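Student: Structure in structure tokens, see below.
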Amino acid sequence: PFFVAMAKGAKESADKLGMTLTSAAGKEDGDTATQITAIENAISKGDKGILITPSGPDVNPAIKKARDAGLFVIALDTPPDPADTVDITFATDNFEAGKLIGQWTAAQLAGKAATIALLDLFSDKIVSVDYNRDQGFLTGMGIDTKDPKKNGDEAKTGSYSGGTYEIVCNLPTQGAEDGGQTAMENCLSKNPNINVVYTINEPAANGANKALTSAGKSGVTIVSVDGGCAGVKLVKDGVIGATSQQYPLKMASLGVQAIYDLATSGKKPAVSSGLDFYNTGVALVTDKPA
């Protein structure tokens, strides 16, 4: 749903400005091969610029090739590593998104022990959106993290801001509902007493809920990131306790406008103060304020 909204925002903006927009998508999250082919196609066509959500560091050489060929490359949603691989990124502050749902979770627990499942994006590649949300959530909970660019290296037991915690699992979901369901089933097999579930996005959260429901588990706090229409309904229905809302349509429309401005007047966009990307905003969505 997030990328559907992003594509819609890009098309609306391009139509308004009279620009030619070509869209491409991988077969699944993390499909770098298809993404590299799309970049090479844009270069051969002589496009002015590329808007891309990088699938991982494997696409960095192709992005460099595009920039060397004179294309302006803007990352959307996921800053590459390093950030200066692209000309600029328009994105959510994903660390802040994670931190908001972590702080909310800690407040809801009110001192109870936290038995936590962390349902991430990948296990076979490292992308900033994955570790920033995960590490932000733990930071919001008041749990000490080690390497801010690595998931799973924090202490598995200890204290959070309200009491004690145990991290049962860090498992990938590929950001998909079936991935979330499988990961949650595996986590429950390790410890059936999980009462907090962090998820990388709302499809993964919905999958986790299906696994919990099948296992007869209730009263588990699920938190997530996206704030899409379906996700907000999951909050309203009590499936997700809180989610951090981001704005993909805004990211895409700003990106299209930036390439238009560069092509017509030479004006380049600037990053937000104190950040190495342009922050498109984040807001907590919940029916249980804290």
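Ligands are numbered from 1 in the order shown, chains are lettered A, B, ... in the order of the structure tokens, and residues start at 1 in each chain.
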Which residues are close to Pro82 of chain A, i.e. within 10 Å by only C-alpha atoms, leaving aside same-chain residues fewer than 2 positions away? Reply as a ChimeraX atom specification.

Tutor: /A:57,60,79-80,84-86,128

Student: Write the residues of the preceding selection, restricted to N, CA, C and O atoms, as a PDB file, in the first residue's frame.

Tutor:
```pdb
ATOM      1  N   PRO A  57      22.482  -2.139  -0.830  1.00  0.00           N
ATOM      2  CA  PRO A  57      23.750  -1.596  -1.324  1.00  0.00           C
ATOM      3  C   PRO A  57      24.174  -2.120  -2.688  1.00  0.00           C
ATOM      4  O   PRO A  57      25.001  -1.489  -3.353  1.00  0.00           O
ATOM      5  N   ASN A  60      24.012   0.436  -5.489  1.00  0.00           N
ATOM      6  CA  ASN A  60      24.828   1.654  -5.425  1.00  0.00           C
ATOM      7  C   ASN A  60      25.677   1.888  -6.675  1.00  0.00           C
ATOM      8  O   ASN A  60      25.729   3.021  -7.178  1.00  0.00           O
ATOM      9  N   PRO A  79      16.980   6.132   2.752  1.00  0.00           N
ATOM     10  CA  PRO A  79      18.293   6.673   2.400  1.00  0.00           C
ATOM     11  C   PRO A  79      19.275   5.538   2.137  1.00  0.00           C
ATOM     12  O   PRO A  79      19.306   4.565   2.890  1.00  0.00           O
ATOM     13  N   PRO A  80      20.055   5.633   1.062  1.00  0.00           N
ATOM     14  CA  PRO A  80      21.054   4.590   0.833  1.00  0.00           C
ATOM     15  C   PRO A  80      22.191   4.727   1.849  1.00  0.00           C
ATOM     16  O   PRO A  80      22.274   5.708   2.588  1.00  0.00           O
ATOM     17  N   ASP A  84      25.267   9.820   0.645  1.00  0.00           N
ATOM     18  CA  ASP A  84      25.646  10.606  -0.532  1.00  0.00           C
ATOM     19  C   ASP A  84      25.768   9.756  -1.798  1.00  0.00           C
ATOM     20  O   ASP A  84      26.240  10.235  -2.830  1.00  0.00           O
ATOM     21  N   THR A  85      25.294   8.510  -1.745  1.00  0.00           N
ATOM     22  CA  THR A  85      25.201   7.693  -2.958  1.00  0.00           C
ATOM     23  C   THR A  85      24.258   8.355  -3.958  1.00  0.00           C
ATOM     24  O   THR A  85      24.469   8.287  -5.163  1.00  0.00           O
ATOM     25  N   VAL A  86      23.195   9.004  -3.428  1.00  0.00           N
ATOM     26  CA  VAL A  86      22.238   9.727  -4.268  1.00  0.00           C
ATOM     27  C   VAL A  86      22.448  11.223  -4.091  1.00  0.00           C
ATOM     28  O   VAL A  86      23.170  11.674  -3.196  1.00  0.00           O
ATOM     29  N   SER A 128      18.842   0.975   5.543  1.00  0.00           N
ATOM     30  CA  SER A 128      18.686   1.939   6.631  1.00  0.00           C
ATOM     31  C   SER A 128      17.282   1.949   7.233  1.00  0.00           C
ATOM     32  O   SER A 128      17.115   2.116   8.440  1.00  0.00           O
TER      33      SER A 128
END
```

Student: Counting only C-alpha atoms, which residues of segment 12-131 of chain A fall within 12 Å of segment 226-234 of chain A, and what is the closest atom pair for each with its distance in Å at one decimal, ordered by chain and rising number, as a Markdown table?

Tutor:
```
| residue | atom | partner | partner_atom | distance |
| --- | --- | --- | --- | --- |
| A:Asp77 | CA | A:Asp226 | CA | 10.8 |
| A:Thr92 | CA | A:Asp226 | CA | 9.7 |
| A:Asp93 | CA | A:Asp226 | CA | 11.9 |
| A:Asn94 | CA | A:Asp226 | CA | 10.2 |
| A:Ala97 | CA | A:Asp226 | CA | 9.0 |
| A:Gly98 | CA | A:Asp226 | CA | 10.7 |
| A:Ile101 | CA | A:Asp226 | CA | 11.4 |
| A:Val129 | CA | A:Asp226 | CA | 11.8 |
```

Student: Can I get the selection written as an mmCIF file, in the first residue's frame, with N, CA and C atoms?

Tutor:
```
data_model
loop_
_atom_site.group_PDB
_atom_site.id
_atom_site.type_symbol
_atom_site.label_atom_id
_atom_site.label_comp_id
_atom_site.auth_asym_id
_atom_site.auth_seq_id
_atom_site.Cartn_x
_atom_site.Cartn_y
_atom_site.Cartn_z
ATOM 1 N N ASP A 77 11.967 7.419 0.693
ATOM 2 C CA ASP A 77 11.666 6.526 1.815
ATOM 3 C C ASP A 77 12.900 5.938 2.484
ATOM 4 N N THR A 92 10.844 9.758 5.464
ATOM 5 C CA THR A 92 10.491 9.803 6.876
ATOM 6 C C THR A 92 11.772 9.715 7.703
ATOM 7 N N ASP A 93 11.785 10.368 8.853
ATOM 8 C CA ASP A 93 12.846 10.115 9.827
ATOM 9 C C ASP A 93 12.503 8.773 10.476
ATOM 10 N N ASN A 94 13.035 7.686 9.910
ATOM 11 C CA ASN A 94 12.630 6.347 10.337
ATOM 12 C C ASN A 94 13.046 6.021 11.758
ATOM 13 N N ALA A 97 10.371 7.566 13.767
ATOM 14 C CA ALA A 97 9.155 6.752 13.652
ATOM 15 C C ALA A 97 9.201 5.579 14.619
ATOM 16 N N GLY A 98 10.347 4.899 14.671
ATOM 17 C CA GLY A 98 10.506 3.794 15.609
ATOM 18 C C GLY A 98 10.478 4.257 17.051
ATOM 19 N N ILE A 101 6.843 4.864 18.470
ATOM 20 C CA ILE A 101 6.075 3.675 18.870
ATOM 21 C C ILE A 101 6.740 2.959 20.046
ATOM 22 N N VAL A 129 16.253 1.780 6.392
ATOM 23 C CA VAL A 129 14.881 1.808 6.913
ATOM 24 C C VAL A 129 14.680 0.691 7.938
#
```

Student: Would you pick out the contacts of Gly26 of chain A at 12 Å or less, using only C-alpha atoms, so that residues sharing its chain but fewer than 3 positions from it are not included, and give the list as JSON, numbers by chain?

Tutor: {"A": [3, 23, 29, 30, 31, 32, 33, 34, 35, 36, 37, 38, 39, 52, 53, 54, 55]}

Student: Go ahead and write the residues just picked, all heavy atoms, as a compact mmCIF listing (two decimals), in the first residue's frame.

Tutor:
```
# COMPACT_ATOMS: atom_id res chain seq x y z
N PHE A 3 3.82 1.81 -1.34
CA PHE A 3 4.41 2.11 -2.65
C PHE A 3 3.35 2.39 -3.70
O PHE A 3 3.62 3.10 -4.68
CB PHE A 3 5.35 0.98 -3.07
CG PHE A 3 6.55 0.87 -2.15
CD1 PHE A 3 6.67 -0.16 -1.25
CD2 PHE A 3 7.52 1.85 -2.16
CE1 PHE A 3 7.75 -0.25 -0.39
CE2 PHE A 3 8.61 1.79 -1.30
CZ PHE A 3 8.72 0.74 -0.41
N SER A 23 7.47 4.07 -14.71
CA SER A 23 7.54 3.37 -13.43
C SER A 23 8.08 1.97 -13.61
O SER A 23 7.84 1.32 -14.63
CB SER A 23 6.15 3.30 -12.78
OG SER A 23 5.68 4.58 -12.47
N ASP A 29 10.10 -7.01 -2.26
CA ASP A 29 11.03 -6.16 -1.53
C ASP A 29 12.42 -6.77 -1.57
O ASP A 29 12.59 -7.97 -1.29
CB ASP A 29 10.58 -6.04 -0.06
CG ASP A 29 10.32 -4.60 0.34
OD1 ASP A 29 10.83 -3.71 -0.34
OD2 ASP A 29 9.61 -4.38 1.33
N GLY A 30 13.41 -5.97 -1.96
CA GLY A 30 14.78 -6.46 -1.99
C GLY A 30 15.23 -7.01 -3.33
O GLY A 30 16.34 -7.54 -3.44
N ASP A 31 14.40 -6.89 -4.37
CA ASP A 31 14.76 -7.38 -5.70
C ASP A 31 15.69 -6.37 -6.36
O ASP A 31 15.27 -5.47 -7.09
CB ASP A 31 13.49 -7.59 -6.53
CG ASP A 31 13.77 -8.05 -7.95
OD1 ASP A 31 14.94 -8.28 -8.28
OD2 ASP A 31 12.80 -8.16 -8.72
N THR A 32 16.99 -6.51 -6.13
CA THR A 32 17.96 -5.55 -6.65
C THR A 32 18.20 -5.71 -8.15
O THR A 32 18.47 -4.73 -8.84
CB THR A 32 19.30 -5.68 -5.91
OG1 THR A 32 19.75 -7.03 -5.97
CG2 THR A 32 19.15 -5.28 -4.45
N ALA A 33 18.10 -6.93 -8.67
CA ALA A 33 18.40 -7.16 -10.08
C ALA A 33 17.46 -6.37 -10.99
O ALA A 33 17.89 -5.71 -11.94
CB ALA A 33 18.31 -8.65 -10.40
N THR A 34 16.16 -6.42 -10.70
CA THR A 34 15.19 -5.69 -11.50
C THR A 34 15.40 -4.19 -11.36
O THR A 34 15.25 -3.43 -12.33
CB THR A 34 13.76 -6.06 -11.08
OG1 THR A 34 13.58 -7.47 -11.20
CG2 THR A 34 12.72 -5.36 -11.94
N GLN A 35 15.78 -3.76 -10.17
CA GLN A 35 16.01 -2.34 -9.94
C GLN A 35 17.23 -1.84 -10.74
O GLN A 35 17.19 -0.75 -11.32
CB GLN A 35 16.21 -2.08 -8.44
CG GLN A 35 16.05 -0.63 -8.04
CD GLN A 35 15.80 -0.48 -6.55
OE1 GLN A 35 16.64 -0.82 -5.75
NE2 GLN A 35 14.64 0.05 -6.20
N ILE A 36 18.28 -2.61 -10.76
CA ILE A 36 19.48 -2.25 -11.53
C ILE A 36 19.14 -2.14 -13.02
O ILE A 36 19.56 -1.20 -13.70
CB ILE A 36 20.61 -3.26 -11.29
CG1 ILE A 36 21.14 -3.12 -9.85
CG2 ILE A 36 21.75 -3.08 -12.30
CD1 ILE A 36 22.03 -4.26 -9.39
N THR A 37 18.34 -3.08 -13.52
CA THR A 37 17.91 -3.03 -14.92
C THR A 37 17.12 -1.76 -15.21
O THR A 37 17.31 -1.11 -16.25
CB THR A 37 17.06 -4.27 -15.27
OG1 THR A 37 17.85 -5.45 -15.09
CG2 THR A 37 16.56 -4.21 -16.71
N ALA A 38 16.24 -1.38 -14.29
CA ALA A 38 15.44 -0.16 -14.46
C ALA A 38 16.32 1.08 -14.50
O ALA A 38 16.07 2.01 -15.28
CB ALA A 38 14.41 -0.06 -13.34
N ILE A 39 17.35 1.11 -13.67
CA ILE A 39 18.29 2.25 -13.67
C ILE A 39 19.02 2.33 -15.01
O ILE A 39 19.13 3.40 -15.62
CB ILE A 39 19.30 2.12 -12.51
CG1 ILE A 39 18.60 2.22 -11.16
CG2 ILE A 39 20.39 3.19 -12.62
CD1 ILE A 39 19.47 1.82 -9.97
N ILE A 52 13.98 6.71 -6.61
CA ILE A 52 14.22 5.30 -6.30
C ILE A 52 14.14 5.04 -4.80
O ILE A 52 14.59 5.84 -3.98
CB ILE A 52 15.60 4.85 -6.84
CG1 ILE A 52 15.84 3.35 -6.60
CG2 ILE A 52 16.73 5.70 -6.26
CD1 ILE A 52 17.07 2.81 -7.33
N THR A 53 13.52 3.92 -4.43
CA THR A 53 13.63 3.40 -3.08
C THR A 53 14.66 2.27 -3.15
O THR A 53 14.34 1.18 -3.61
CB THR A 53 12.29 2.87 -2.56
OG1 THR A 53 11.33 3.94 -2.56
CG2 THR A 53 12.42 2.32 -1.15
N PRO A 54 15.91 2.54 -2.74
CA PRO A 54 16.98 1.56 -2.96
C PRO A 54 16.70 0.24 -2.26
O PRO A 54 16.32 0.20 -1.10
CB PRO A 54 18.21 2.25 -2.36
CG PRO A 54 17.87 3.69 -2.29
CD PRO A 54 16.40 3.75 -2.07
N SER A 55 16.90 -0.86 -2.99
CA SER A 55 16.65 -2.19 -2.44
C SER A 55 17.81 -2.72 -1.61
O SER A 55 17.71 -3.80 -1.05
CB SER A 55 16.34 -3.18 -3.58
OG SER A 55 15.09 -2.90 -4.14
```

Student: Using only C-alpha atoms, which residues sit within 10 Å of Gly142 of chain A once same-chain residues fewer than 6 positions away are excluded, as a list in words?

Tutor: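 The residues that qualify are Lys99, Gly102, Gln103, Ala106, Gly136, Ser159, Tyr160, Ser161, Gly162 and Gly163 of chain A.
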
Student: What's around Val196 of chain A at 7 Å? Count only C-alpha atoms, leave out sequence neighbours fewer than 4 positions away in its own chain, and write the answer as a PDB file with N, CA and C atoms, in the first residue's frame.

Tutor:
```pdb
ATOM      1  N   ALA A 114       8.370  -6.752  29.708  1.00  0.00           N
ATOM      2  CA  ALA A 114       8.150  -6.773  28.261  1.00  0.00           C
ATOM      3  C   ALA A 114       8.836  -7.988  27.650  1.00  0.00           C
ATOM      4  N   THR A 115       8.040  -8.852  27.028  1.00  0.00           N
ATOM      5  CA  THR A 115       8.579  -9.998  26.299  1.00  0.00           C
ATOM      6  C   THR A 115       8.368  -9.702  24.814  1.00  0.00           C
ATOM      7  N   ILE A 116       9.457  -9.416  24.107  1.00  0.00           N
ATOM      8  CA  ILE A 116       9.389  -8.707  22.831  1.00  0.00           C
ATOM      9  C   ILE A 116       9.760  -9.587  21.637  1.00  0.00           C
ATOM     10  N   ALA A 117       8.964  -9.467  20.562  1.00  0.00           N
ATOM     11  CA  ALA A 117       9.311 -10.009  19.251  1.00  0.00           C
ATOM     12  C   ALA A 117       9.597  -8.830  18.327  1.00  0.00           C
ATOM     13  N   VAL A 220      -1.924  -8.882  23.276  1.00  0.00           N
ATOM     14  CA  VAL A 220      -0.557  -8.599  22.834  1.00  0.00           C
ATOM     15  C   VAL A 220      -0.526  -7.230  22.166  1.00  0.00           C
ATOM     16  N   THR A 221       0.437  -6.405  22.527  1.00  0.00           N
ATOM     17  CA  THR A 221       0.577  -5.069  21.954  1.00  0.00           C
ATOM     18  C   THR A 221       1.406  -5.147  20.681  1.00  0.00           C
ATOM     19  N   ILE A 222       0.788  -4.777  19.541  1.00  0.00           N
ATOM     20  CA  ILE A 222       1.487  -4.740  18.249  1.00  0.00           C
ATOM     21  C   ILE A 222       1.654  -3.286  17.839  1.00  0.00           C
TER      22      ILE A 222
END
```

Student: Find the spatial neighbours of Ala204 of chain A, counting only C-alpha atoms, within a cut-off of 10 Å - ignore same-chain residues fewer than 5 positions away - and output them as an mmCIF file with N, CA, C and O atoms, in the first residue's frame.

Tutor:
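And here's out.cif as it stands now:
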```cif
data_model
loop_
_atom_site.group_PDB
_atom_site.id
_atom_site.type_symbol
_atom_site.label_atom_id
_atom_site.label_comp_id
_atom_site.auth_asym_id
_atom_site.auth_seq_id
_atom_site.Cartn_x
_atom_site.Cartn_y
_atom_site.Cartn_z
ATOM 1 N N LEU A 119 10.003 -7.958 14.513
ATOM 2 C CA LEU A 119 9.768 -8.471 13.164
ATOM 3 C C LEU A 119 10.276 -7.432 12.163
ATOM 4 O O LEU A 119 9.615 -6.435 11.882
ATOM 5 N N ASP A 120 11.479 -7.686 11.660
ATOM 6 C CA ASP A 120 12.198 -6.731 10.828
ATOM 7 C C ASP A 120 11.899 -6.942 9.341
ATOM 8 O O ASP A 120 10.979 -7.670 8.982
ATOM 9 N N LEU A 121 12.717 -6.301 8.503
ATOM 10 C CA LEU A 121 12.522 -6.389 7.056
ATOM 11 C C LEU A 121 13.330 -7.529 6.447
ATOM 12 O O LEU A 121 12.787 -8.448 5.849
ATOM 13 N N PRO A 172 13.098 -11.735 9.938
ATOM 14 C CA PRO A 172 12.699 -10.958 8.765
ATOM 15 C C PRO A 172 11.284 -11.289 8.317
ATOM 16 O O PRO A 172 10.796 -12.405 8.528
ATOM 17 N N THR A 173 10.633 -10.302 7.691
ATOM 18 C CA THR A 173 9.282 -10.495 7.161
ATOM 19 C C THR A 173 9.180 -10.159 5.678
ATOM 20 O O THR A 173 8.157 -10.418 5.067
ATOM 21 N N GLN A 174 10.218 -9.533 5.116
ATOM 22 C CA GLN A 174 10.166 -8.975 3.752
ATOM 23 C C GLN A 174 9.054 -7.924 3.620
ATOM 24 O O GLN A 174 8.612 -7.606 2.514
ATOM 25 N N GLY A 175 8.582 -7.412 4.747
ATOM 26 C CA GLY A 175 7.545 -6.388 4.718
ATOM 27 C C GLY A 175 6.214 -6.885 4.201
ATOM 28 O O GLY A 175 5.368 -6.098 3.766
ATOM 29 N N ALA A 176 6.001 -8.201 4.255
ATOM 30 C CA ALA A 176 4.802 -8.809 3.678
ATOM 31 C C ALA A 176 3.960 -9.485 4.750
ATOM 32 O O ALA A 176 4.468 -9.897 5.791
ATOM 33 N N GLU A 177 2.663 -9.623 4.483
ATOM 34 C CA GLU A 177 1.752 -10.223 5.459
ATOM 35 C C GLU A 177 2.117 -11.677 5.756
ATOM 36 O O GLU A 177 2.162 -12.077 6.923
ATOM 37 N N ASP A 178 2.394 -12.453 4.703
ATOM 38 C CA ASP A 178 2.740 -13.856 4.954
ATOM 39 C C ASP A 178 4.076 -13.974 5.689
ATOM 40 O O ASP A 178 4.258 -14.851 6.537
ATOM 41 N N GLY A 179 5.003 -13.053 5.392
ATOM 42 C CA GLY A 179 6.272 -13.037 6.115
ATOM 43 C C GLY A 179 6.094 -12.709 7.579
ATOM 44 O O GLY A 179 6.748 -13.291 8.453
ATOM 45 N N GLY A 180 5.185 -11.778 7.864
ATOM 46 C CA GLY A 180 4.891 -11.420 9.247
ATOM 47 C C GLY A 180 4.258 -12.568 10.008
ATOM 48 O O GLY A 180 4.574 -12.810 11.174
ATOM 49 N N GLN A 181 3.369 -13.300 9.327
ATOM 50 C CA GLN A 181 2.698 -14.434 9.974
ATOM 51 C C GLN A 181 3.696 -15.546 10.288
ATOM 52 O O GLN A 181 3.723 -16.078 11.412
ATOM 53 N N THR A 182 4.555 -15.867 9.331
ATOM 54 C CA THR A 182 5.549 -16.926 9.542
ATOM 55 C C THR A 182 6.540 -16.548 10.639
ATOM 56 O O THR A 182 6.867 -17.371 11.509
ATOM 57 N N ALA A 183 7.013 -15.303 10.606
ATOM 58 C CA ALA A 183 7.962 -14.847 11.623
ATOM 59 C C ALA A 183 7.344 -14.907 13.014
ATOM 60 O O ALA A 183 7.983 -15.349 13.981
ATOM 61 N N MET A 184 6.081 -14.502 13.129
ATOM 62 C CA MET A 184 5.415 -14.519 14.429
ATOM 63 C C MET A 184 5.218 -15.938 14.924
ATOM 64 O O MET A 184 5.395 -16.221 16.123
ATOM 65 N N TYR A 198 6.996 -5.605 17.769
ATOM 66 C CA TYR A 198 7.363 -4.518 16.866
ATOM 67 C C TYR A 198 7.364 -5.075 15.447
ATOM 68 O O TYR A 198 7.904 -6.157 15.198
ATOM 69 N N THR A 199 6.782 -4.338 14.504
ATOM 70 C CA THR A 199 6.779 -4.774 13.107
ATOM 71 C C THR A 199 7.273 -3.653 12.205
ATOM 72 O O THR A 199 6.981 -2.484 12.432
ATOM 73 N N ASN A 209 -0.607 -10.569 13.613
ATOM 74 C CA ASN A 209 -1.876 -10.707 14.326
ATOM 75 C C ASN A 209 -2.588 -12.011 13.957
ATOM 76 O O ASN A 209 -3.191 -12.659 14.822
ATOM 77 N N LYS A 210 -2.503 -12.400 12.686
ATOM 78 C CA LYS A 210 -3.134 -13.659 12.264
ATOM 79 C C LYS A 210 -2.508 -14.847 12.988
ATOM 80 O O LYS A 210 -3.205 -15.768 13.424
ATOM 81 N N SER A 224 3.657 -0.575 14.802
ATOM 82 C CA SER A 224 4.135 -0.634 13.435
ATOM 83 C C SER A 224 4.444 0.755 12.900
ATOM 84 O O SER A 224 4.387 1.756 13.627
ATOM 85 N N VAL A 225 4.757 0.791 11.595
ATOM 86 C CA VAL A 225 5.045 2.036 10.888
ATOM 87 C C VAL A 225 4.373 1.997 9.523
ATOM 88 O O VAL A 225 4.405 0.974 8.859
#
```

Student: Compare A:Gly255, A:Pro289, A:Gly238, A:Gly266 by their minimum atom-to-atom distance to Ile74 of chain A, counting only C-alpha atoms, and give me the closest one.

Tutor: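 Among A:Gly255, A:Pro289, A:Gly238, A:Gly266, it is A:Gly255 that comes nearest to Ile74 of chain A.
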